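This is run.cif (mmCIF, N, CA and C atoms).
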```
data_structure
#
loop_
_atom_site.label_atom_id
_atom_site.label_comp_id
_atom_site.auth_asym_id
_atom_site.auth_seq_id
_atom_site.Cartn_x
_atom_site.Cartn_y
_atom_site.Cartn_z
N ALA A 143 -13.18 7.73 8.89
CA ALA A 143 -12.40 6.54 9.20
C ALA A 143 -13.22 5.31 8.89
N GLN A 144 -12.53 4.27 8.44
CA GLN A 144 -13.19 3.03 8.07
C GLN A 144 -13.47 2.22 9.32
N VAL A 145 -14.72 1.81 9.49
CA VAL A 145 -15.08 1.02 10.66
C VAL A 145 -14.66 -0.43 10.49
N LEU A 146 -14.90 -0.98 9.31
CA LEU A 146 -14.55 -2.37 9.02
C LEU A 146 -13.33 -2.41 8.11
N VAL A 147 -12.43 -3.30 8.39
CA VAL A 147 -11.19 -3.41 7.62
C VAL A 147 -11.03 -4.84 7.15
N GLU A 148 -11.02 -5.02 5.82
CA GLU A 148 -10.82 -6.34 5.25
C GLU A 148 -9.34 -6.58 4.99
N SER A 149 -8.97 -7.85 5.02
CA SER A 149 -7.61 -8.24 4.66
C SER A 149 -7.64 -9.67 4.15
N GLY A 150 -6.56 -10.07 3.50
CA GLY A 150 -6.43 -11.45 3.07
C GLY A 150 -6.63 -11.68 1.59
N GLY A 151 -6.96 -10.65 0.84
CA GLY A 151 -7.12 -10.83 -0.59
C GLY A 151 -5.80 -11.08 -1.27
N GLY A 152 -5.87 -11.46 -2.54
CA GLY A 152 -4.66 -11.72 -3.29
C GLY A 152 -4.97 -12.43 -4.59
N SER A 153 -3.92 -12.97 -5.19
CA SER A 153 -4.05 -13.68 -6.46
C SER A 153 -3.72 -15.15 -6.26
N VAL A 154 -4.59 -16.00 -6.76
CA VAL A 154 -4.38 -17.44 -6.67
C VAL A 154 -4.77 -18.09 -7.98
N GLN A 155 -4.33 -19.31 -8.17
CA GLN A 155 -4.76 -20.07 -9.33
C GLN A 155 -6.06 -20.81 -9.02
N ALA A 156 -6.77 -21.14 -10.06
CA ALA A 156 -8.01 -21.89 -9.89
C ALA A 156 -7.76 -23.15 -9.07
N GLY A 157 -8.70 -23.41 -8.16
CA GLY A 157 -8.55 -24.55 -7.27
C GLY A 157 -7.89 -24.22 -5.95
N GLY A 158 -7.33 -23.01 -5.88
CA GLY A 158 -6.65 -22.60 -4.66
C GLY A 158 -7.60 -22.06 -3.60
N SER A 159 -7.02 -21.60 -2.50
CA SER A 159 -7.80 -21.12 -1.37
C SER A 159 -7.28 -19.78 -0.89
N LEU A 160 -8.18 -19.02 -0.31
CA LEU A 160 -7.84 -17.77 0.37
C LEU A 160 -8.74 -17.63 1.58
N ARG A 161 -8.26 -16.91 2.58
CA ARG A 161 -9.07 -16.61 3.76
C ARG A 161 -9.09 -15.11 3.97
N LEU A 162 -10.27 -14.54 3.89
CA LEU A 162 -10.45 -13.11 4.12
C LEU A 162 -10.85 -12.87 5.57
N SER A 163 -10.41 -11.76 6.10
CA SER A 163 -10.79 -11.34 7.44
C SER A 163 -11.46 -9.98 7.38
N CYS A 164 -12.36 -9.75 8.30
CA CYS A 164 -13.05 -8.47 8.41
C CYS A 164 -13.05 -8.10 9.88
N ALA A 165 -12.27 -7.11 10.23
CA ALA A 165 -12.13 -6.72 11.63
C ALA A 165 -12.68 -5.32 11.85
N THR A 166 -13.12 -5.08 13.05
CA THR A 166 -13.58 -3.75 13.42
C THR A 166 -12.39 -2.92 13.84
N ALA A 167 -12.28 -1.74 13.24
CA ALA A 167 -11.15 -0.87 13.55
C ALA A 167 -11.17 -0.46 15.03
N SER A 168 -10.01 -0.24 15.55
CA SER A 168 -9.90 0.16 16.96
C SER A 168 -10.62 1.48 17.18
N GLY A 169 -11.23 1.58 18.33
CA GLY A 169 -11.97 2.79 18.65
C GLY A 169 -13.45 2.68 18.39
N TYR A 170 -13.87 1.57 17.74
CA TYR A 170 -15.27 1.34 17.47
C TYR A 170 -15.73 0.11 18.24
N SER A 171 -16.94 0.17 18.78
CA SER A 171 -17.43 -0.94 19.58
C SER A 171 -18.89 -1.21 19.28
N TYR A 172 -19.18 -1.56 18.03
CA TYR A 172 -20.54 -1.91 17.67
C TYR A 172 -20.84 -3.34 18.08
N VAL A 173 -22.10 -3.61 18.32
CA VAL A 173 -22.59 -4.98 18.48
C VAL A 173 -23.40 -5.28 17.24
N TYR A 174 -22.83 -6.06 16.35
CA TYR A 174 -23.49 -6.34 15.08
C TYR A 174 -24.51 -7.45 15.24
N THR A 175 -25.63 -7.34 14.55
CA THR A 175 -26.59 -8.43 14.52
C THR A 175 -26.32 -9.35 13.33
N TYR A 176 -25.98 -8.78 12.22
CA TYR A 176 -25.61 -9.54 11.03
C TYR A 176 -24.32 -8.95 10.44
N MET A 177 -23.49 -9.82 9.93
CA MET A 177 -22.33 -9.44 9.14
C MET A 177 -22.39 -10.22 7.83
N ALA A 178 -21.87 -9.61 6.78
CA ALA A 178 -21.99 -10.24 5.47
C ALA A 178 -20.77 -9.97 4.61
N TRP A 179 -20.60 -10.82 3.62
CA TRP A 179 -19.61 -10.61 2.57
C TRP A 179 -20.34 -10.35 1.26
N PHE A 180 -19.89 -9.33 0.56
CA PHE A 180 -20.37 -9.02 -0.78
C PHE A 180 -19.18 -9.02 -1.72
N ARG A 181 -19.46 -9.11 -3.00
CA ARG A 181 -18.41 -8.99 -3.99
C ARG A 181 -18.94 -8.28 -5.22
N GLN A 182 -18.02 -7.63 -5.91
CA GLN A 182 -18.38 -6.91 -7.12
C GLN A 182 -17.27 -7.06 -8.14
N ALA A 183 -17.62 -7.65 -9.26
CA ALA A 183 -16.70 -7.80 -10.37
C ALA A 183 -16.86 -6.60 -11.31
N PRO A 184 -15.85 -6.27 -12.09
CA PRO A 184 -15.95 -5.12 -13.00
C PRO A 184 -17.14 -5.24 -13.93
N GLY A 185 -17.92 -4.18 -13.98
CA GLY A 185 -19.07 -4.16 -14.87
C GLY A 185 -20.29 -4.90 -14.37
N GLN A 186 -20.19 -5.44 -13.16
CA GLN A 186 -21.31 -6.20 -12.62
C GLN A 186 -21.82 -5.55 -11.34
N GLU A 187 -23.04 -5.89 -10.98
CA GLU A 187 -23.60 -5.38 -9.75
C GLU A 187 -22.99 -6.12 -8.55
N ARG A 188 -22.98 -5.43 -7.43
CA ARG A 188 -22.50 -6.06 -6.21
C ARG A 188 -23.50 -7.13 -5.77
N GLU A 189 -22.97 -8.29 -5.40
CA GLU A 189 -23.84 -9.39 -4.99
C GLU A 189 -23.42 -9.90 -3.61
N GLU A 190 -24.38 -10.44 -2.91
CA GLU A 190 -24.08 -11.00 -1.60
C GLU A 190 -23.47 -12.38 -1.76
N VAL A 191 -22.38 -12.62 -1.08
CA VAL A 191 -21.75 -13.94 -1.05
C VAL A 191 -22.39 -14.78 0.05
N GLY A 192 -22.59 -14.16 1.19
CA GLY A 192 -23.20 -14.85 2.31
C GLY A 192 -23.20 -13.95 3.53
N CYS A 193 -23.84 -14.42 4.58
CA CYS A 193 -23.91 -13.63 5.79
C CYS A 193 -23.99 -14.55 7.01
N ILE A 194 -23.82 -13.94 8.16
CA ILE A 194 -23.88 -14.68 9.42
C ILE A 194 -24.67 -13.88 10.44
N ARG A 195 -25.58 -14.54 11.09
CA ARG A 195 -26.28 -13.93 12.22
C ARG A 195 -25.38 -14.11 13.43
N THR A 196 -24.93 -13.02 13.99
CA THR A 196 -23.82 -13.08 14.92
C THR A 196 -24.18 -13.68 16.28
N ASP A 197 -25.42 -13.63 16.70
CA ASP A 197 -25.74 -14.13 18.03
C ASP A 197 -25.78 -15.65 18.08
N VAL A 198 -26.20 -16.29 16.98
CA VAL A 198 -26.31 -17.75 16.99
C VAL A 198 -25.39 -18.41 15.98
N GLY A 199 -24.77 -17.63 15.11
CA GLY A 199 -23.83 -18.19 14.16
C GLY A 199 -24.45 -18.81 12.93
N THR A 200 -25.73 -18.60 12.72
CA THR A 200 -26.38 -19.13 11.52
C THR A 200 -25.83 -18.45 10.28
N THR A 201 -25.52 -19.24 9.27
CA THR A 201 -24.95 -18.69 8.04
C THR A 201 -25.84 -18.95 6.84
N TYR A 202 -25.72 -18.09 5.86
CA TYR A 202 -26.44 -18.21 4.60
C TYR A 202 -25.43 -17.97 3.48
N TYR A 203 -25.59 -18.67 2.37
CA TYR A 203 -24.67 -18.55 1.24
C TYR A 203 -25.44 -18.44 -0.07
N SER A 204 -24.84 -17.73 -1.00
CA SER A 204 -25.39 -17.72 -2.34
C SER A 204 -25.13 -19.08 -2.99
N ASP A 205 -25.95 -19.42 -3.94
CA ASP A 205 -25.80 -20.72 -4.60
C ASP A 205 -24.44 -20.85 -5.29
N SER A 206 -23.90 -19.75 -5.75
CA SER A 206 -22.65 -19.80 -6.51
C SER A 206 -21.44 -20.18 -5.65
N VAL A 207 -21.55 -20.02 -4.34
CA VAL A 207 -20.40 -20.32 -3.48
C VAL A 207 -20.69 -21.42 -2.46
N LYS A 208 -21.93 -21.87 -2.40
CA LYS A 208 -22.32 -22.87 -1.40
C LYS A 208 -21.48 -24.13 -1.58
N GLY A 209 -20.94 -24.61 -0.48
CA GLY A 209 -20.10 -25.79 -0.52
C GLY A 209 -18.63 -25.50 -0.72
N ARG A 210 -18.31 -24.28 -1.13
CA ARG A 210 -16.90 -23.89 -1.34
C ARG A 210 -16.44 -22.83 -0.35
N PHE A 211 -17.34 -21.94 0.03
CA PHE A 211 -16.99 -20.84 0.94
C PHE A 211 -17.62 -21.08 2.30
N THR A 212 -16.93 -20.63 3.34
CA THR A 212 -17.44 -20.77 4.70
C THR A 212 -17.22 -19.46 5.45
N ILE A 213 -18.29 -18.98 6.06
CA ILE A 213 -18.22 -17.78 6.89
C ILE A 213 -18.15 -18.20 8.35
N SER A 214 -17.25 -17.59 9.08
CA SER A 214 -17.14 -17.85 10.51
C SER A 214 -16.87 -16.54 11.23
N GLN A 215 -16.89 -16.59 12.55
CA GLN A 215 -16.70 -15.37 13.31
C GLN A 215 -15.94 -15.65 14.60
N ASP A 216 -15.31 -14.62 15.09
CA ASP A 216 -14.69 -14.63 16.41
C ASP A 216 -15.32 -13.46 17.15
N ASN A 217 -16.32 -13.75 17.95
CA ASN A 217 -17.06 -12.68 18.62
C ASN A 217 -16.19 -11.88 19.57
N ALA A 218 -15.24 -12.55 20.19
CA ALA A 218 -14.37 -11.83 21.11
C ALA A 218 -13.56 -10.75 20.40
N LYS A 219 -13.27 -10.99 19.14
CA LYS A 219 -12.49 -10.04 18.36
C LYS A 219 -13.36 -9.20 17.43
N ASN A 220 -14.69 -9.46 17.46
CA ASN A 220 -15.61 -8.76 16.56
C ASN A 220 -15.11 -8.86 15.12
N THR A 221 -14.69 -10.06 14.76
CA THR A 221 -14.08 -10.31 13.45
C THR A 221 -14.83 -11.42 12.74
N MET A 222 -14.99 -11.25 11.44
CA MET A 222 -15.63 -12.25 10.60
C MET A 222 -14.61 -12.74 9.57
N TYR A 223 -14.76 -14.00 9.18
CA TYR A 223 -13.84 -14.58 8.21
C TYR A 223 -14.62 -15.17 7.04
N LEU A 224 -13.94 -15.25 5.91
CA LEU A 224 -14.48 -15.93 4.74
C LEU A 224 -13.40 -16.87 4.22
N GLN A 225 -13.61 -18.15 4.46
CA GLN A 225 -12.70 -19.17 3.92
C GLN A 225 -13.19 -19.55 2.54
N MET A 226 -12.35 -19.37 1.55
CA MET A 226 -12.73 -19.63 0.17
C MET A 226 -11.87 -20.76 -0.37
N ASN A 227 -12.50 -21.87 -0.69
CA ASN A 227 -11.81 -23.03 -1.24
C ASN A 227 -12.26 -23.29 -2.67
N ASP A 228 -11.46 -24.05 -3.38
CA ASP A 228 -11.78 -24.41 -4.77
C ASP A 228 -12.17 -23.16 -5.57
N LEU A 229 -11.34 -22.15 -5.49
CA LEU A 229 -11.65 -20.89 -6.16
C LEU A 229 -11.67 -21.05 -7.67
N LYS A 230 -12.55 -20.29 -8.30
CA LYS A 230 -12.74 -20.33 -9.74
C LYS A 230 -12.49 -18.93 -10.31
N PRO A 231 -12.14 -18.84 -11.58
CA PRO A 231 -11.92 -17.51 -12.18
C PRO A 231 -13.13 -16.58 -12.00
N GLU A 232 -14.33 -17.15 -12.00
CA GLU A 232 -15.52 -16.31 -11.84
C GLU A 232 -15.68 -15.77 -10.43
N ASP A 233 -14.84 -16.21 -9.49
CA ASP A 233 -14.84 -15.63 -8.15
C ASP A 233 -14.03 -14.34 -8.08
N THR A 234 -13.35 -14.01 -9.17
CA THR A 234 -12.56 -12.79 -9.21
C THR A 234 -13.46 -11.57 -9.01
N ALA A 235 -13.13 -10.76 -8.01
CA ALA A 235 -13.95 -9.60 -7.68
C ALA A 235 -13.31 -8.84 -6.53
N MET A 236 -13.84 -7.65 -6.28
CA MET A 236 -13.53 -6.95 -5.04
C MET A 236 -14.51 -7.47 -3.99
N TYR A 237 -13.97 -7.89 -2.87
CA TYR A 237 -14.79 -8.43 -1.80
C TYR A 237 -14.91 -7.40 -0.67
N TYR A 238 -16.15 -7.20 -0.24
CA TYR A 238 -16.43 -6.23 0.81
C TYR A 238 -17.11 -6.94 1.98
N CYS A 239 -16.78 -6.52 3.19
CA CYS A 239 -17.57 -6.96 4.31
C CYS A 239 -18.49 -5.83 4.75
N ALA A 240 -19.58 -6.22 5.35
CA ALA A 240 -20.59 -5.25 5.78
C ALA A 240 -21.23 -5.76 7.06
N ALA A 241 -21.82 -4.83 7.78
CA ALA A 241 -22.44 -5.21 9.04
C ALA A 241 -23.58 -4.26 9.36
N THR A 242 -24.46 -4.73 10.21
CA THR A 242 -25.51 -3.89 10.72
C THR A 242 -25.75 -4.22 12.19
N PRO A 243 -25.96 -3.21 13.01
CA PRO A 243 -26.33 -3.45 14.41
C PRO A 243 -27.83 -3.32 14.63
N ASN A 244 -28.58 -3.16 13.53
CA ASN A 244 -29.98 -2.72 13.64
C ASN A 244 -31.02 -3.80 13.39
N ILE A 245 -30.69 -4.83 12.62
CA ILE A 245 -31.70 -5.80 12.21
C ILE A 245 -31.33 -7.16 12.75
N ALA A 246 -32.22 -7.74 13.55
CA ALA A 246 -31.92 -9.05 14.12
C ALA A 246 -33.00 -10.08 13.81
N TRP A 247 -34.18 -9.61 13.40
CA TRP A 247 -35.31 -10.54 13.28
C TRP A 247 -35.41 -11.21 11.92
N ARG A 248 -34.62 -10.74 10.95
CA ARG A 248 -34.63 -11.33 9.63
C ARG A 248 -33.30 -11.03 8.95
N ARG A 249 -33.05 -11.74 7.86
CA ARG A 249 -31.83 -11.50 7.10
C ARG A 249 -31.91 -10.14 6.40
N PRO A 250 -30.95 -9.28 6.60
CA PRO A 250 -31.03 -7.95 6.00
C PRO A 250 -30.85 -7.96 4.48
N ALA A 251 -31.48 -7.01 3.83
CA ALA A 251 -31.20 -6.76 2.41
C ALA A 251 -29.89 -6.00 2.29
N GLN A 252 -29.33 -6.00 1.08
CA GLN A 252 -28.02 -5.37 0.89
C GLN A 252 -28.04 -3.91 1.36
N GLY A 253 -29.10 -3.20 1.03
CA GLY A 253 -29.18 -1.78 1.36
C GLY A 253 -29.36 -1.49 2.84
N GLU A 254 -29.59 -2.52 3.62
CA GLU A 254 -29.79 -2.35 5.05
C GLU A 254 -28.51 -2.52 5.85
N TYR A 255 -27.44 -2.92 5.17
CA TYR A 255 -26.14 -2.94 5.84
C TYR A 255 -25.60 -1.51 5.82
N ASN A 256 -25.33 -0.96 6.97
CA ASN A 256 -24.95 0.45 7.03
C ASN A 256 -23.49 0.67 7.42
N ILE A 257 -22.75 -0.41 7.61
CA ILE A 257 -21.32 -0.30 7.93
C ILE A 257 -20.57 -1.16 6.94
N TRP A 258 -19.61 -0.56 6.24
CA TRP A 258 -18.91 -1.25 5.15
C TRP A 258 -17.40 -1.10 5.29
N GLY A 259 -16.71 -2.08 4.75
CA GLY A 259 -15.26 -2.00 4.63
C GLY A 259 -14.87 -1.41 3.29
N GLN A 260 -13.57 -1.26 3.09
CA GLN A 260 -13.06 -0.63 1.88
C GLN A 260 -12.87 -1.62 0.75
N GLY A 261 -12.90 -2.89 1.06
CA GLY A 261 -12.78 -3.93 0.03
C GLY A 261 -11.37 -4.50 -0.06
N THR A 262 -11.31 -5.74 -0.50
CA THR A 262 -10.03 -6.40 -0.77
C THR A 262 -10.18 -7.21 -2.05
N GLN A 263 -9.18 -7.12 -2.91
CA GLN A 263 -9.27 -7.73 -4.23
C GLN A 263 -8.90 -9.20 -4.19
N VAL A 264 -9.72 -10.01 -4.85
CA VAL A 264 -9.43 -11.43 -5.05
C VAL A 264 -9.37 -11.68 -6.54
N THR A 265 -8.26 -12.23 -6.99
CA THR A 265 -8.08 -12.53 -8.41
C THR A 265 -7.73 -14.01 -8.56
N VAL A 266 -8.52 -14.71 -9.36
CA VAL A 266 -8.32 -16.14 -9.57
C VAL A 266 -7.99 -16.36 -11.04
N SER A 267 -6.84 -16.93 -11.31
CA SER A 267 -6.42 -17.17 -12.68
C SER A 267 -6.65 -18.63 -13.05
N SER A 268 -6.92 -18.85 -14.33
CA SER A 268 -7.19 -20.22 -14.80
C SER A 268 -5.92 -20.94 -15.18
#
```
Mind converting the file's structure to structure tokens?
Amino acid sequence: AQVLVESGGGSVQAGGSLRLSCATASGYSYVYTYMAWFRQAPGQEREEVGCIRTDVGTTYYSDSVKGRFTISQDNAKNTMYLQMNDLKPEDTAMYYCAATPNIAWRRPAQGEYNIWGQGTQVTVSS
């Protein structure tokens, strides 16, 4: 069973906006230290979009999305969001959320996230 469930993907024109959600499936009760968004375009490696340290809400973003994307969380719902504004065709990718309950003292590397969602497709047309 999938622990994390993404939603909110779709197709938009360049300049448009989308909001992705990442929720913990019912029946699971992890306390995450970090949650993150990754994306993977066809033929490319998966890259981190950004992450959030869940206890204090500190966020980090890749340079390619800084100023356009915003990560937020609802701790009561154990849910993370990705608000994407001013979307560009190069943002087209499968977007995945990930989490870890294990690392709190530093920003985790991609391979240290041990809980993943199934992904949601974002397509931006020019």
Practice problem: Carefully work through the PyMOL selection byres ((chain A and resi 221-237) around 6.5) for this structure and note down the residues it includes, as a PyMOL selection string. | Solution: chain A and resi 155-166+179-184+210-220+238-239+260-268
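Picked out by the PyMOL selection byres ((chain A and resi 194) around 8) when it runs on this file: Thr175, Tyr176, Met177, Ala178, Trp179, Gly192, Cys193, Arg195, Thr196, Asp197, Val198, Gly199, Thr200, Thr201, Tyr202, Tyr203, Ile213, Ser214 and Gln215 of chain A.
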Quiz prompt | Computed interatomic separation between atom C of A:Gln252 and atom N of A:Gln144 (Å) | solution =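 Taking atom C of A:Gln252 and atom N of A:Gln144, their separation equals 18.9 Å.
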Self-check item: Expected answer as a ChimeraX atom specification: strand (DSSP E or B) residues in stretch 199-267 of chain A
Solution: /A:201-203,211-216,221-226,235-242,257-259,262-267
Quiz item: Expressed in Å to a single decimal, how great is the separation between atom N of A:Gly150 and atom N of A:Ala240?
Solution: 13.7 Å
Quiz item: Can you tell me how far atom CA of A:Gly209 sits from atom CA of A:Glu189, in Å to one decimal?
Solution: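 Between these atoms lies a distance of 17.4 Å.
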Exercise. Pick out the closest residue to A:Leu146 from this set: A:Ala251, A:Val173, A:Ala241, A:Val207. Count all atoms listed in the file.
Key: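 Using all atoms listed in the file, the shortest distance to A:Leu146 belongs to A:Ala241.
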Exercise. Using backbone DSSP assignments, extract all helix (DSSP H, G or I) residues from stretch 145-241 of chain A; output them as number ranges by chain.
Key: A: 217-219, 231-233
Would you output stretch 226-237 of chain A from that structure, restricted to all heavy atoms, as a PDB file, in the first residue's frame?
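The resulting file, decode.pdb, is shown below:
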```pdb
ATOM      1  N   MET A 226       2.612  25.887  -7.253  1.00  0.00           N
ATOM      2  CA  MET A 226       3.471  26.150  -8.402  1.00  0.00           C
ATOM      3  C   MET A 226       2.855  27.275  -9.227  1.00  0.00           C
ATOM      4  O   MET A 226       1.746  27.129  -9.755  1.00  0.00           O
ATOM      5  CB  MET A 226       3.619  24.889  -9.252  1.00  0.00           C
ATOM      6  CG  MET A 226       4.152  23.695  -8.489  1.00  0.00           C
ATOM      7  SD  MET A 226       4.442  22.242  -9.530  1.00  0.00           S
ATOM      8  CE  MET A 226       2.755  21.850  -9.982  1.00  0.00           C
ATOM      9  N   ASN A 227       3.560  28.385  -9.303  1.00  0.00           N
ATOM     10  CA  ASN A 227       3.107  29.538 -10.073  1.00  0.00           C
ATOM     11  C   ASN A 227       4.043  29.797 -11.234  1.00  0.00           C
ATOM     12  O   ASN A 227       5.187  29.342 -11.230  1.00  0.00           O
ATOM     13  CB  ASN A 227       3.038  30.778  -9.170  1.00  0.00           C
ATOM     14  CG  ASN A 227       2.045  30.629  -8.035  1.00  0.00           C
ATOM     15  OD1 ASN A 227       1.025  29.953  -8.169  1.00  0.00           O
ATOM     16  ND2 ASN A 227       2.344  31.255  -6.911  1.00  0.00           N
ATOM     17  N   ASP A 228       3.552  30.554 -12.197  1.00  0.00           N
ATOM     18  CA  ASP A 228       4.356  30.910 -13.370  1.00  0.00           C
ATOM     19  C   ASP A 228       5.020  29.667 -13.969  1.00  0.00           C
ATOM     20  O   ASP A 228       6.236  29.637 -14.207  1.00  0.00           O
ATOM     21  CB  ASP A 228       5.416  31.950 -12.984  1.00  0.00           C
ATOM     22  CG  ASP A 228       6.126  32.541 -14.190  1.00  0.00           C
ATOM     23  OD1 ASP A 228       5.553  32.505 -15.303  1.00  0.00           O
ATOM     24  OD2 ASP A 228       7.265  33.026 -14.026  1.00  0.00           O
ATOM     25  N   LEU A 229       4.221  28.644 -14.196  1.00  0.00           N
ATOM     26  CA  LEU A 229       4.759  27.390 -14.703  1.00  0.00           C
ATOM     27  C   LEU A 229       5.331  27.549 -16.097  1.00  0.00           C
ATOM     28  O   LEU A 229       4.818  28.331 -16.926  1.00  0.00           O
ATOM     29  CB  LEU A 229       3.673  26.317 -14.687  1.00  0.00           C
ATOM     30  CG  LEU A 229       3.397  25.720 -13.299  1.00  0.00           C
ATOM     31  CD1 LEU A 229       2.034  25.053 -13.249  1.00  0.00           C
ATOM     32  CD2 LEU A 229       4.491  24.750 -12.926  1.00  0.00           C
ATOM     33  N   LYS A 230       6.383  26.795 -16.358  1.00  0.00           N
ATOM     34  CA  LYS A 230       7.084  26.829 -17.636  1.00  0.00           C
ATOM     35  C   LYS A 230       7.071  25.428 -18.248  1.00  0.00           C
ATOM     36  O   LYS A 230       6.961  24.432 -17.520  1.00  0.00           O
ATOM     37  CB  LYS A 230       8.528  27.291 -17.421  1.00  0.00           C
ATOM     38  CG  LYS A 230       8.653  28.634 -16.735  1.00  0.00           C
ATOM     39  CD  LYS A 230      10.105  28.985 -16.474  1.00  0.00           C
ATOM     40  CE  LYS A 230      10.213  30.334 -15.782  1.00  0.00           C
ATOM     41  NZ  LYS A 230      11.626  30.721 -15.534  1.00  0.00           N
ATOM     42  N   PRO A 231       7.202  25.333 -19.565  1.00  0.00           N
ATOM     43  CA  PRO A 231       7.225  24.001 -20.189  1.00  0.00           C
ATOM     44  C   PRO A 231       8.289  23.081 -19.583  1.00  0.00           C
ATOM     45  O   PRO A 231       8.080  21.870 -19.502  1.00  0.00           O
ATOM     46  CB  PRO A 231       7.516  24.319 -21.650  1.00  0.00           C
ATOM     47  CG  PRO A 231       6.924  25.673 -21.855  1.00  0.00           C
ATOM     48  CD  PRO A 231       7.176  26.402 -20.567  1.00  0.00           C
ATOM     49  N   GLU A 232       9.402  23.655 -19.145  1.00  0.00           N
ATOM     50  CA  GLU A 232      10.456  22.825 -18.559  1.00  0.00           C
ATOM     51  C   GLU A 232      10.096  22.290 -17.181  1.00  0.00           C
ATOM     52  O   GLU A 232      10.842  21.487 -16.607  1.00  0.00           O
ATOM     53  CB  GLU A 232      11.780  23.595 -18.497  1.00  0.00           C
ATOM     54  CG  GLU A 232      11.699  24.954 -17.850  1.00  0.00           C
ATOM     55  CD  GLU A 232      11.536  26.071 -18.875  1.00  0.00           C
ATOM     56  OE1 GLU A 232      10.767  25.905 -19.857  1.00  0.00           O
ATOM     57  OE2 GLU A 232      12.180  27.135 -18.675  1.00  0.00           O
ATOM     58  N   ASP A 233       8.969  22.722 -16.622  1.00  0.00           N
ATOM     59  CA  ASP A 233       8.487  22.146 -15.370  1.00  0.00           C
ATOM     60  C   ASP A 233       7.716  20.847 -15.595  1.00  0.00           C
ATOM     61  O   ASP A 233       7.339  20.168 -14.639  1.00  0.00           O
ATOM     62  CB  ASP A 233       7.575  23.146 -14.642  1.00  0.00           C
ATOM     63  CG  ASP A 233       8.307  24.389 -14.181  1.00  0.00           C
ATOM     64  OD1 ASP A 233       9.433  24.261 -13.671  1.00  0.00           O
ATOM     65  OD2 ASP A 233       7.725  25.488 -14.329  1.00  0.00           O
ATOM     66  N   THR A 234       7.476  20.516 -16.854  1.00  0.00           N
ATOM     67  CA  THR A 234       6.759  19.288 -17.176  1.00  0.00           C
ATOM     68  C   THR A 234       7.531  18.079 -16.654  1.00  0.00           C
ATOM     69  O   THR A 234       8.704  17.893 -16.971  1.00  0.00           O
ATOM     70  CB  THR A 234       6.554  19.167 -18.692  1.00  0.00           C
ATOM     71  OG1 THR A 234       5.698  20.225 -19.131  1.00  0.00           O
ATOM     72  CG2 THR A 234       5.934  17.818 -19.052  1.00  0.00           C
ATOM     73  N   ALA A 235       6.872  17.268 -15.842  1.00  0.00           N
ATOM     74  CA  ALA A 235       7.515  16.107 -15.231  1.00  0.00           C
ATOM     75  C   ALA A 235       6.502  15.346 -14.389  1.00  0.00           C
ATOM     76  O   ALA A 235       5.389  15.834 -14.146  1.00  0.00           O
ATOM     77  CB  ALA A 235       8.685  16.537 -14.338  1.00  0.00           C
ATOM     78  N   MET A 236       6.915  14.165 -13.952  1.00  0.00           N
ATOM     79  CA  MET A 236       6.175  13.463 -12.911  1.00  0.00           C
ATOM     80  C   MET A 236       6.700  13.988 -11.578  1.00  0.00           C
ATOM     81  O   MET A 236       7.909  14.008 -11.359  1.00  0.00           O
ATOM     82  CB  MET A 236       6.386  11.969 -13.016  1.00  0.00           C
ATOM     83  CG  MET A 236       5.570  11.150 -12.040  1.00  0.00           C
ATOM     84  SD  MET A 236       3.823  11.126 -12.446  1.00  0.00           S
ATOM     85  CE  MET A 236       3.831   9.929 -13.778  1.00  0.00           C
ATOM     86  N   TYR A 237       5.788  14.407 -10.737  1.00  0.00           N
ATOM     87  CA  TYR A 237       6.162  14.959  -9.437  1.00  0.00           C
ATOM     88  C   TYR A 237       5.870  13.934  -8.341  1.00  0.00           C
ATOM     89  O   TYR A 237       4.773  13.367  -8.281  1.00  0.00           O
ATOM     90  CB  TYR A 237       5.389  16.251  -9.175  1.00  0.00           C
ATOM     91  CG  TYR A 237       5.945  17.424  -9.932  1.00  0.00           C
ATOM     92  CD1 TYR A 237       5.807  17.518 -11.324  1.00  0.00           C
ATOM     93  CD2 TYR A 237       6.643  18.447  -9.285  1.00  0.00           C
ATOM     94  CE1 TYR A 237       6.350  18.586 -12.028  1.00  0.00           C
ATOM     95  CE2 TYR A 237       7.174  19.518  -9.974  1.00  0.00           C
ATOM     96  CZ  TYR A 237       7.024  19.580 -11.353  1.00  0.00           C
ATOM     97  OH  TYR A 237       7.553  20.642 -12.048  1.00  0.00           O
TER      98      TYR A 237
END
```
